[in-house]
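Engineer: Enclosed is the structure file query.txt (compact mmCIF, C-alpha atoms).
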# COMPACT_ATOMS: atom_id res chain seq x y z
CA MET C 1 -171.93 162.13 103.52
CA ALA C 2 -175.55 161.68 102.46
CA LEU C 3 -176.34 159.82 99.26
CA SER C 4 -177.62 162.28 96.65
CA ALA C 5 -181.19 162.06 95.38
CA ARG C 6 -179.94 161.51 91.84
CA ARG C 7 -177.89 158.48 92.86
CA GLN C 8 -180.81 157.09 94.88
CA TRP C 9 -183.14 157.45 91.88
CA GLY C 10 -180.53 155.78 89.70
CA PHE C 11 -180.13 152.85 92.10
CA TRP C 12 -183.88 152.21 92.42
CA GLY C 13 -184.39 152.71 88.69
CA ILE C 14 -181.80 150.02 87.93
CA GLY C 15 -183.45 147.73 90.48
CA LEU C 16 -186.88 148.18 88.90
CA ALA C 17 -185.45 147.55 85.42
CA LEU C 18 -183.83 144.32 86.65
CA VAL C 19 -187.12 143.12 88.18
CA LEU C 20 -188.99 143.78 84.91
CA LEU C 21 -186.25 142.04 82.92
CA ILE C 22 -186.39 138.96 85.16
CA MET C 23 -190.18 138.85 84.87
CA TRP C 24 -189.96 139.10 81.10
CA LEU C 25 -187.33 136.34 80.90
CA LEU C 26 -189.09 133.95 83.25
CA GLY C 27 -192.60 134.70 81.96
CA GLY C 28 -195.04 131.89 82.72
CA ALA C 29 -192.69 130.25 85.24
CA LEU C 30 -193.59 133.01 87.71
CA LEU C 31 -197.33 132.51 87.26
CA PRO C 32 -197.97 130.16 90.23
CA PHE C 33 -195.81 132.30 92.52
CA ILE C 34 -197.53 135.55 91.57
CA ALA C 35 -200.92 133.86 91.84
CA GLY C 36 -199.96 132.44 95.25
CA ALA C 37 -198.85 135.86 96.48
CA ALA C 38 -202.09 137.43 95.24
CA LEU C 39 -204.15 134.73 96.95
CA ALA C 40 -202.24 135.18 100.21
CA TYR C 41 -202.77 138.95 100.06
CA VAL C 42 -206.52 138.53 99.54
CA LEU C 43 -206.84 136.01 102.39
CA ASP C 44 -204.59 137.75 104.94
CA PRO C 45 -207.40 139.83 106.53
CA LEU C 46 -209.40 136.64 107.08
CA ALA C 47 -206.40 135.01 108.78
CA ASP C 48 -205.95 138.10 110.97
CA ARG C 49 -209.61 137.95 111.95
CA LEU C 50 -209.33 134.28 112.92
CA GLU C 51 -206.26 135.13 114.98
CA ARG C 52 -208.22 137.81 116.84
CA ILE C 53 -210.82 135.26 117.92
CA GLY C 54 -208.14 133.04 119.44
CA MET C 55 -206.77 130.82 116.65
CA ALA C 56 -203.06 130.35 116.18
CA ARG C 57 -201.71 131.62 112.85
CA ALA C 58 -200.89 128.11 111.65
CA THR C 59 -204.38 126.84 112.54
CA ALA C 60 -206.07 129.80 110.85
CA THR C 61 -203.97 129.29 107.73
CA ALA C 62 -204.81 125.57 107.62
CA VAL C 63 -208.55 126.25 108.00
CA ILE C 64 -208.48 128.82 105.21
CA ALA C 65 -206.43 126.53 102.95
CA ILE C 66 -208.90 123.65 103.38
CA ALA C 67 -211.85 125.94 102.67
CA VAL C 68 -210.22 127.37 99.53
CA ILE C 69 -209.29 123.91 98.21
CA LEU C 70 -212.86 122.66 98.74
CA ALA C 71 -214.31 125.73 97.00
CA PHE C 72 -211.90 125.34 94.10
CA ALA C 73 -212.74 121.65 93.77
CA LEU C 74 -216.47 122.41 93.67
CA ILE C 75 -215.92 125.03 90.97
CA VAL C 76 -213.84 122.64 88.86
CA LEU C 77 -216.32 119.79 89.28
CA PHE C 78 -219.55 121.69 88.68
CA ALA C 79 -219.12 125.23 87.32
CA VAL C 80 -216.32 124.70 84.78
CA PRO C 81 -218.00 121.81 82.89
CA ALA C 82 -221.25 123.78 82.66
CA LEU C 83 -219.45 126.86 81.36
CA VAL C 84 -217.51 124.80 78.79
CA ALA C 85 -220.67 123.05 77.57
CA GLN C 86 -222.63 126.30 77.23
CA ALA C 87 -219.74 128.08 75.48
CA GLN C 88 -219.52 125.28 72.91
CA ALA C 89 -223.31 125.22 72.43
CA LEU C 90 -223.42 129.01 71.98
CA ALA C 91 -220.62 128.85 69.40
CA VAL C 92 -222.65 126.27 67.44
CA ALA C 93 -225.87 128.30 67.73
CA MET C 94 -224.43 131.72 66.81
CA PRO C 95 -224.51 131.18 63.00
CA ASP C 96 -228.20 130.18 63.22
CA TYR C 97 -228.97 133.26 65.31
CA LEU C 98 -227.21 135.43 62.73
CA ALA C 99 -229.09 133.78 59.86
CA ARG C 100 -232.44 134.36 61.60
CA LEU C 101 -231.46 137.98 62.28
CA THR C 102 -230.66 138.46 58.60
CA ALA C 103 -234.03 136.97 57.63
CA VAL C 104 -235.95 139.22 60.06
CA LEU C 105 -234.13 142.37 58.96
CA SER C 106 -234.58 141.46 55.28
CA ALA C 107 -238.34 141.21 55.79
CA ARG C 108 -238.49 144.50 57.68
CA PHE C 109 -236.03 146.49 55.55
CA PRO C 110 -235.97 144.93 52.07
CA GLY C 111 -234.24 147.97 50.54
CA LEU C 112 -231.19 147.55 52.76
CA PHE C 113 -230.98 143.78 52.32
CA ASP C 114 -231.22 143.13 48.61
CA GLU C 115 -228.98 140.51 47.05
CA ASN C 116 -226.10 142.91 46.33
CA SER C 117 -226.24 145.10 49.46
CA ILE C 118 -223.09 145.54 51.54
CA THR C 119 -225.04 144.82 54.75
CA ARG C 120 -226.38 141.49 53.50
CA ARG C 121 -222.98 140.40 52.19
CA GLY C 122 -221.33 141.40 55.46
CA LEU C 123 -223.79 139.40 57.56
CA ALA C 124 -223.48 136.43 55.20
CA SER C 125 -219.69 136.58 55.46
CA ALA C 126 -219.87 136.74 59.27
CA GLU C 127 -222.26 133.78 59.32
CA ALA C 128 -219.94 131.71 57.14
CA MET C 129 -216.93 132.61 59.27
CA LEU C 130 -218.75 131.61 62.44
CA ARG C 131 -219.84 128.29 60.93
CA GLU C 132 -216.31 127.47 59.77
CA GLY C 133 -214.10 128.79 62.54
CA GLY C 134 -216.20 129.82 65.52
CA MET C 135 -216.18 126.45 67.23
CA ALA C 136 -212.46 125.97 66.60
CA VAL C 137 -211.68 129.32 68.25
CA VAL C 138 -213.84 128.50 71.27
CA ASN C 139 -212.25 125.06 71.66
CA GLN C 140 -208.76 126.58 71.39
CA VAL C 141 -209.53 129.17 74.07
CA LEU C 142 -211.09 126.56 76.32
CA ALA C 143 -208.17 124.20 75.80
CA SER C 144 -205.60 126.83 76.73
CA GLY C 145 -207.63 127.82 79.80
CA LEU C 146 -207.91 124.21 80.89
CA GLN C 147 -204.15 123.78 80.47
CA VAL C 148 -203.59 126.58 82.97
CA ILE C 149 -206.05 125.01 85.40
CA ASN C 150 -204.47 121.59 84.98
CA PHE C 151 -201.03 123.08 85.56
CA LEU C 152 -202.13 124.65 88.83
CA VAL C 153 -204.01 121.57 89.99
CA VAL C 154 -201.33 119.00 89.08
CA LEU C 155 -198.29 120.84 90.38
CA LEU C 156 -200.06 122.40 93.39
CA VAL C 157 -197.57 125.25 93.32
CA THR C 158 -200.06 128.06 93.75
CA PRO C 159 -201.81 126.74 96.89
CA VAL C 160 -198.48 125.72 98.44
CA VAL C 161 -196.99 129.17 97.80
CA ALA C 162 -200.14 130.84 99.10
CA PHE C 163 -200.12 128.67 102.24
CA TYR C 164 -196.54 129.48 103.20
CA LEU C 165 -196.86 133.18 102.35
CA LEU C 166 -200.09 133.44 104.33
CA LEU C 167 -198.45 131.65 107.26
CA ASP C 168 -195.55 134.14 107.35
CA TRP C 169 -197.30 137.21 105.91
CA ASP C 170 -196.91 139.40 109.01
CA LYS C 171 -193.23 138.44 109.34
CA ILE C 172 -192.60 139.25 105.67
CA VAL C 173 -194.27 142.65 106.04
CA ALA C 174 -192.19 143.38 109.14
CA LYS C 175 -188.98 142.40 107.33
CA VAL C 176 -189.78 144.66 104.37
CA ASN C 177 -190.71 147.48 106.73
CA GLY C 178 -187.40 147.13 108.54
CA ALA C 179 -185.43 147.20 105.27
CA LEU C 180 -186.87 150.50 104.01
CA PRO C 181 -184.37 153.33 103.42
CA ARG C 182 -184.32 155.27 106.69
CA GLN C 183 -184.39 158.69 105.05
CA HIS C 184 -187.58 157.99 103.10
CA ALA C 185 -189.22 155.33 105.29
CA PRO C 186 -192.11 157.54 106.57
CA THR C 187 -193.01 158.64 103.05
CA ILE C 188 -192.77 155.10 101.66
CA ARG C 189 -194.94 153.75 104.49
CA ARG C 190 -197.58 156.39 103.85
CA LEU C 191 -197.60 155.65 100.12
CA MET C 192 -197.74 151.90 100.75
CA ARG C 193 -200.70 152.36 103.10
CA GLU C 194 -202.49 154.31 100.38
CA ILE C 195 -201.66 151.65 97.78
CA ASP C 196 -202.87 148.93 100.15
CA ALA C 197 -206.12 150.84 100.72
CA VAL C 198 -206.67 151.07 96.96
CA MET C 199 -205.84 147.42 96.39
CA ALA C 200 -207.89 146.24 99.37
CA GLY C 201 -210.87 148.23 98.18
CA PHE C 202 -210.55 147.14 94.59
CA VAL C 203 -209.17 143.61 94.71
CA ARG C 204 -210.98 142.30 97.77
CA GLY C 205 -214.09 144.45 97.47
CA GLN C 206 -214.50 144.27 93.70
CA LEU C 207 -213.85 140.52 93.71
CA SER C 208 -216.79 140.12 96.09
CA VAL C 209 -218.95 142.33 93.88
CA CYS C 210 -218.04 140.31 90.77
CA VAL C 211 -218.89 137.00 92.43
CA ILE C 212 -222.20 138.29 93.79
CA LEU C 213 -223.23 139.86 90.48
CA GLY C 214 -222.15 136.83 88.45
CA THR C 215 -224.13 134.50 90.71
CA PHE C 216 -227.20 136.75 90.60
CA TYR C 217 -227.14 137.18 86.81
CA ALA C 218 -226.56 133.46 86.19
CA VAL C 219 -229.30 132.28 88.57
CA ALA C 220 -231.82 134.91 87.42
CA LEU C 221 -231.26 134.18 83.72
CA MET C 222 -231.54 130.44 84.30
CA VAL C 223 -234.76 130.91 86.31
CA ILE C 224 -236.49 132.71 83.41
CA GLY C 225 -235.31 129.96 81.05
CA LEU C 226 -232.83 131.94 78.93
CA PRO C 227 -230.56 129.61 76.93
CA TYR C 228 -226.90 129.92 77.93
CA GLY C 229 -228.02 132.01 80.92
CA PHE C 230 -225.35 130.54 83.21
CA LEU C 231 -222.55 131.40 80.78
CA VAL C 232 -223.81 134.91 80.01
CA GLY C 233 -224.46 135.71 83.68
CA MET C 234 -221.08 134.53 84.91
CA VAL C 235 -219.19 136.33 82.12
CA ALA C 236 -221.10 139.56 82.81
CA GLY C 237 -220.38 139.32 86.53
CA LEU C 238 -216.71 138.42 86.25
CA ILE C 239 -215.86 141.34 83.94
CA SER C 240 -217.96 143.85 85.88
CA PHE C 241 -214.79 145.18 87.56
CA ILE C 242 -214.53 147.43 84.49
CA PRO C 243 -217.39 149.92 84.97
CA PHE C 244 -220.33 149.38 82.60
CA VAL C 245 -218.45 146.81 80.50
CA GLY C 246 -219.74 143.71 82.26
CA SER C 247 -223.34 144.88 82.41
CA THR C 248 -223.28 146.13 78.81
CA VAL C 249 -221.81 142.89 77.43
CA GLY C 250 -224.23 140.80 79.47
CA LEU C 251 -227.20 142.95 78.50
CA LEU C 252 -226.43 142.82 74.78
CA LEU C 253 -225.80 139.07 74.79
CA SER C 254 -228.80 138.16 76.92
CA VAL C 255 -231.25 140.47 75.16
CA GLY C 256 -229.98 139.27 71.78
CA ILE C 257 -230.60 135.65 72.78
CA ALA C 258 -233.93 136.58 74.38
CA LEU C 259 -235.12 138.23 71.15
CA PHE C 260 -234.89 134.88 69.36
CA THR C 261 -236.02 132.75 72.30
CA PHE C 262 -238.96 134.82 73.57
CA TRP C 263 -240.03 136.49 70.30
CA GLU C 264 -243.66 135.46 70.83
CA GLN C 265 -243.57 136.37 74.55
CA PRO C 266 -241.96 139.84 74.60
CA ILE C 267 -242.57 140.29 78.31
CA TRP C 268 -239.59 137.98 78.98
CA ILE C 269 -237.36 140.16 76.81
CA PHE C 270 -238.12 143.09 79.10
CA VAL C 271 -237.61 140.86 82.15
CA THR C 272 -234.16 139.92 80.79
CA ALA C 273 -233.24 143.58 80.41
CA GLY C 274 -234.72 144.32 83.84
CA ILE C 275 -232.41 141.75 85.46
CA PHE C 276 -229.37 143.75 84.38
CA GLY C 277 -231.01 147.04 85.30
CA PHE C 278 -231.71 145.72 88.79
CA GLY C 279 -228.17 144.33 89.03
CA GLN C 280 -226.70 147.73 88.15
CA PHE C 281 -228.92 149.45 90.72
CA VAL C 282 -227.87 147.05 93.47
CA GLU C 283 -224.19 147.32 92.49
CA GLY C 284 -224.17 151.12 92.39
CA ASN C 285 -226.24 151.74 95.54
CA ILE C 286 -225.52 148.78 97.81
CA LEU C 287 -222.62 146.54 96.83
CA SER C 288 -219.95 148.97 95.65
CA PRO C 289 -220.46 151.60 98.41
CA HIS C 290 -220.25 148.93 101.13
CA LEU C 291 -217.71 146.47 99.70
CA VAL C 292 -215.48 148.66 97.54
CA GLY C 293 -215.93 152.12 99.01
CA LYS C 294 -215.68 155.53 97.42
CA SER C 295 -211.99 156.18 98.10
CA VAL C 296 -210.54 153.54 95.78
CA GLY C 297 -209.30 156.06 93.24
CA LEU C 298 -208.43 153.47 90.60
CA HIS C 299 -209.44 155.06 87.31
CA PRO C 300 -210.93 152.63 84.75
CA VAL C 301 -208.68 153.95 81.97
CA LEU C 302 -205.56 153.35 84.08
CA LEU C 303 -206.80 149.85 84.89
CA ILE C 304 -207.46 149.00 81.24
CA LEU C 305 -204.06 150.40 80.23
CA ALA C 306 -202.29 148.32 82.90
CA LEU C 307 -204.15 145.16 81.88
CA SER C 308 -203.31 145.72 78.21
CA VAL C 309 -199.63 146.57 78.69
CA PHE C 310 -198.74 143.94 81.29
CA GLY C 311 -200.86 141.28 79.59
CA ALA C 312 -198.99 141.88 76.33
CA MET C 313 -195.58 141.94 78.06
CA PHE C 314 -195.87 139.07 80.53
CA GLY C 315 -198.95 137.07 79.49
CA PHE C 316 -201.30 135.77 82.17
CA ALA C 317 -198.76 136.52 84.90
CA GLY C 318 -198.85 140.14 83.76
CA LEU C 319 -202.62 140.25 84.16
CA LEU C 320 -202.23 139.22 87.80
CA ILE C 321 -199.85 142.09 88.59
CA ALA C 322 -201.71 144.65 86.46
CA VAL C 323 -204.09 145.71 89.24
CA PRO C 324 -201.35 146.19 91.87
CA VAL C 325 -199.32 148.14 89.32
CA ALA C 326 -202.33 150.28 88.42
CA ALA C 327 -203.01 150.91 92.12
CA ALA C 328 -199.39 151.89 92.73
CA LEU C 329 -199.26 154.12 89.67
CA GLY C 330 -202.46 155.86 90.73
CA VAL C 331 -201.14 156.61 94.20
CA LEU C 332 -197.66 157.60 92.97
CA SER C 333 -199.05 159.85 90.27
CA ARG C 334 -201.18 161.69 92.82
CA TYR C 335 -198.14 162.00 95.09
CA ALA C 336 -196.03 163.31 92.19
CA PHE C 337 -198.73 165.82 91.28
CA ASP C 338 -198.90 167.07 94.89
CA GLN C 339 -195.10 167.43 94.88
CA TYR C 340 -195.33 169.38 91.63
CA LEU C 341 -197.91 171.77 93.11
CA ALA C 342 -195.57 172.39 96.06
CA SER C 343 -192.48 172.87 93.90
CA PRO C 344 -190.92 176.00 92.37
CA LEU C 345 -191.69 174.54 88.95
CA TYR C 346 -195.38 175.26 89.62
CA SER C 347 -195.14 178.44 91.69
CA GLY C 348 -192.22 179.95 89.78
CA LYS C 349 -190.62 180.98 93.06
CA LEU C 350 -187.31 179.63 94.29
CA PRO C 351 -187.17 178.44 97.91
CA PRO C 352 -185.43 180.84 100.31
CA ALA C 353 -181.70 180.26 100.58
CA ASP C 354 -180.30 178.88 103.84
CA PRO C 355 -178.66 181.62 105.96
Would you mind giving the structure from this file in structure tokens?
Structural biologist:
Amino acid sequence: MALSARRQWGFWGIGLALVLLIMWLLGGALLPFIAGAALAYVLDPLADRLERIGMARATATAVIAIAVILAFALIVLFAVPALVAQAQALAVAMPDYLARLTAVLSARFPGLFDENSITRRGLASAEAMLREGGMAVVNQVLASGLQVINFLVVLLVTPVVAFYLLLDWDKIVAKVNGALPRQHAPTIRRLMREIDAVMAGFVRGQLSVCVILGTFYAVALMVIGLPYGFLVGMVAGLISFIPFVGSTVGLLLSVGIALFTFWEQPIWIFVTAGIFGFGQFVEGNILSPHLVGKSVGLHPVLLILALSVFGAMFGFAGLLIAVPVAAALGVLSRYAFDQYLASPLYSGKLPPADP
């Protein structure tokens, strides 16, 4: 006798609830394992390509692992200290920038900035808050971020997990494929292929776009002599996976700093804005079409919702699984909608009875 659909849904629902409960209970303990799995997923196509040119899987995995460790070491040695130094310097400089902005606006609009105006008091309050607590907040954020990095570096769990998963990735996929419920295996495979296409386009493609944009913004802003250009450029690039957010944040920060730095040479203010305009043009017309593709189908609102919910529930580990969850939800919601359109609930017609 076949297992009813209701009992199957109940079984898989209980299984999903148990997985979420375990993740919630373990929390940060799962972080290196989730990060290792994500890293192995991102690097698997590269390992497959090395295999196609004649390398054994173990050799390809070792080559990739060495390259990743070297790249990570270079980032920790050179990029992280520069970002920390510029973040601290910007936190110290922000109150002075705000005070100068208040002075400029007071001279231009004296009616709005008299001694008792709400605007002047608000800016003064913000300036005082930045002077008293801005640096402490930055140092706290940096300290917590460095703790995560130190945890990964000292324990070496993430690279070890990634190495072994990458080594056996094809075997793991084959095992999972063989364990799928026979009745629904073709449908599950099709949905998983669609989810993989979304994740491959977004995670691998968008990661490349973020790195390229961050490098371009940072180098270009440093070349024109913008203070904190490396920090602003890298931040703008790394959050550019959310459409318009990275470029908007970077544009506002860089132009705001440029207004105070290049006030007597306004041409460089326009050059600063032009850097982000050019970056957006290249991203929209060259990088995203070639690296991400047009069939990703991961809506920005769904992505932001997944990041918010899973980040609040599971912390940093939740942020790592937010994109796969968003990709899966996007594909499953489209599948559910197609099923609805083909169902009597939409058409209002019952299927013909079996003779």
Engineer: Can you pull out the residues contacting segment 181-194 of chain C? Cut-off 9 Å, using only C-alpha atoms, and skip same-chain residues under 6 positions away; I want them as a ChimeraX atom specification.
Structural biologist: /C:327-328,331-332,335
Engineer: If you count only C-alpha atoms, which residues fall within 8 Å of segment 301-310 of chain C, apart from same-chain ones fewer than 3 positions away, as a PyMOL selection string?
Structural biologist: chain C and resi 242+298+313-315+318-319+321-323+325-326+330
Engineer: Would you list the contacts of segment 244-251 of chain C as a PyMOL selection string, taking every protein, DNA or RNA residue within 8 Å and counting only C-alpha atoms, but skipping same-chain residues closer than 6 positions in sequence?
Structural biologist: chain C and resi 232-233+235-238+272-273+276+280
Engineer: One decimal, Å: what's the distance from atom CA of Lys171 of chain C over to atom CA of Arg57 of chain C, could you say?
Structural biologist: 11.4 Å
Engineer: How many Å separate atom CA of Ile275 of chain C from atom CA of Leu226 of chain C?
Structural biologist: 11.8 Å
Engineer: Ranking C:Ala218, C:Phe260, C:Leu231, C:Pro300 by minimum distance to Ala103 of chain C and counting all atoms listed in the file, which one comes first?
Structural biologist: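 Comparing C:Ala218, C:Phe260, C:Leu231, C:Pro300 against Ala103 of chain C, the winner is C:Phe260.
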Engineer: Just how far from atom CA of Leu221 of chain C is atom CA of Gly284 of chain C, in Å to one decimal?
Structural biologist: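 Value for the atom CA of Gly284 of chain C-atom CA of Leu221 of chain C distance: 20.3 Å.
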Engineer: Smallest atom-to-atom distance to Tyr97 of chain C: which of C:Ser347, C:Thr261, C:Thr215, C:Thr158, using only C-alpha atoms?
Structural biologist: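 Closest to Tyr97 of chain C of all the choices is C:Thr261.
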Engineer: Using all atoms listed in the file for the distances, tell me which of C:Phe202, C:Phe163, C:Phe78, C:Trp24 is nearest to Pro324 of chain C.
Structural biologist: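 Once distances to Pro324 of chain C are computed over all atoms listed in the file, the minimum belongs to C:Phe202.
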Engineer: Measuring between only C-alpha atoms, which one of C:Tyr228, C:Ala312, C:Leu46, C:Trp12 shows the shortest distance to Val84 of chain C?
Structural biologist: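 When distances to Val84 of chain C are compared using only C-alpha atoms, the smallest one comes from C:Tyr228.
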Engineer: Kindly indicate which residue among C:Ile286, C:Leu16, C:Ala60, C:Ala38 lies nearest to Leu167 of chain C, using only C-alpha atoms for the distances.
Structural biologist: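 Residue with the minimum atom-to-atom distance to Leu167 of chain C: C:Ala60.
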Engineer: I'd like to know which of C:Leu39, C:Leu329, C:Leu50, C:Leu90 is closest to Ile195 of chain C, using all atoms listed in the file.
Structural biologist: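 That would be C:Leu329, the residue with the smallest distance to Ile195 of chain C.
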Engineer: How would you write as a ChimeraX atom specification the residues that get within 12 Å of (-226.6, 147.8, 92.1) in the file's frame, counting all atoms listed in the file?
Structural biologist: /C:209-210,212-213,216-217,237,240,243-244,247,275-291
Engineer: Can I get segment 85-102 of chain C with N, CA and C atoms filled in, as a tab-separated table (two decimals), in the frame of the given file?
Structural biologist:
chain	number	residue	atom	x	y	z
C	85	ALA	N	-219.58	123.58	78.39
C	85	ALA	CA	-220.67	123.05	77.57
C	85	ALA	C	-221.50	124.18	76.95
C	86	GLN	N	-221.81	125.20	77.75
C	86	GLN	CA	-222.63	126.30	77.23
C	86	GLN	C	-221.85	127.14	76.22
C	87	ALA	N	-220.55	127.33	76.45
C	87	ALA	CA	-219.74	128.08	75.48
C	87	ALA	C	-219.70	127.36	74.14
C	88	GLN	N	-219.54	126.05	74.15
C	88	GLN	CA	-219.52	125.28	72.91
C	88	GLN	C	-220.89	125.32	72.22
C	89	ALA	N	-221.97	125.19	73.01
C	89	ALA	CA	-223.31	125.22	72.43
C	89	ALA	C	-223.62	126.59	71.84
C	90	LEU	N	-223.19	127.66	72.50
C	90	LEU	CA	-223.42	129.01	71.98
C	90	LEU	C	-222.65	129.23	70.69
C	91	ALA	N	-221.41	128.71	70.62
C	91	ALA	CA	-220.62	128.85	69.40
C	91	ALA	C	-221.31	128.15	68.23
C	92	VAL	N	-221.93	126.99	68.49
C	92	VAL	CA	-222.65	126.27	67.44
C	92	VAL	C	-223.92	127.02	67.03
C	93	ALA	N	-224.59	127.65	68.01
C	93	ALA	CA	-225.87	128.30	67.73
C	93	ALA	C	-225.73	129.68	67.11
C	94	MET	N	-224.59	130.35	67.28
C	94	MET	CA	-224.43	131.72	66.81
C	94	MET	C	-224.70	131.89	65.31
C	95	PRO	N	-224.20	131.01	64.43
C	95	PRO	CA	-224.51	131.18	63.00
C	95	PRO	C	-226.02	131.12	62.71
C	96	ASP	N	-226.75	130.26	63.42
C	96	ASP	CA	-228.20	130.18	63.22
C	96	ASP	C	-228.88	131.46	63.70
C	97	TYR	N	-228.42	131.99	64.84
C	97	TYR	CA	-228.97	133.26	65.31
C	97	TYR	C	-228.73	134.36	64.28
C	98	LEU	N	-227.53	134.40	63.71
C	98	LEU	CA	-227.21	135.43	62.73
C	98	LEU	C	-228.04	135.26	61.46
C	99	ALA	N	-228.27	134.02	61.04
C	99	ALA	CA	-229.09	133.78	59.86
C	99	ALA	C	-230.53	134.21	60.09
C	100	ARG	N	-231.07	133.94	61.28
C	100	ARG	CA	-232.44	134.36	61.60
C	100	ARG	C	-232.53	135.87	61.68
C	101	LEU	N	-231.47	136.52	62.22
C	101	LEU	CA	-231.46	137.98	62.28
C	101	LEU	C	-231.47	138.57	60.88
C	102	THR	N	-230.68	137.99	59.98
C	102	THR	CA	-230.66	138.46	58.60
C	102	THR	C	-232.04	138.31	57.95
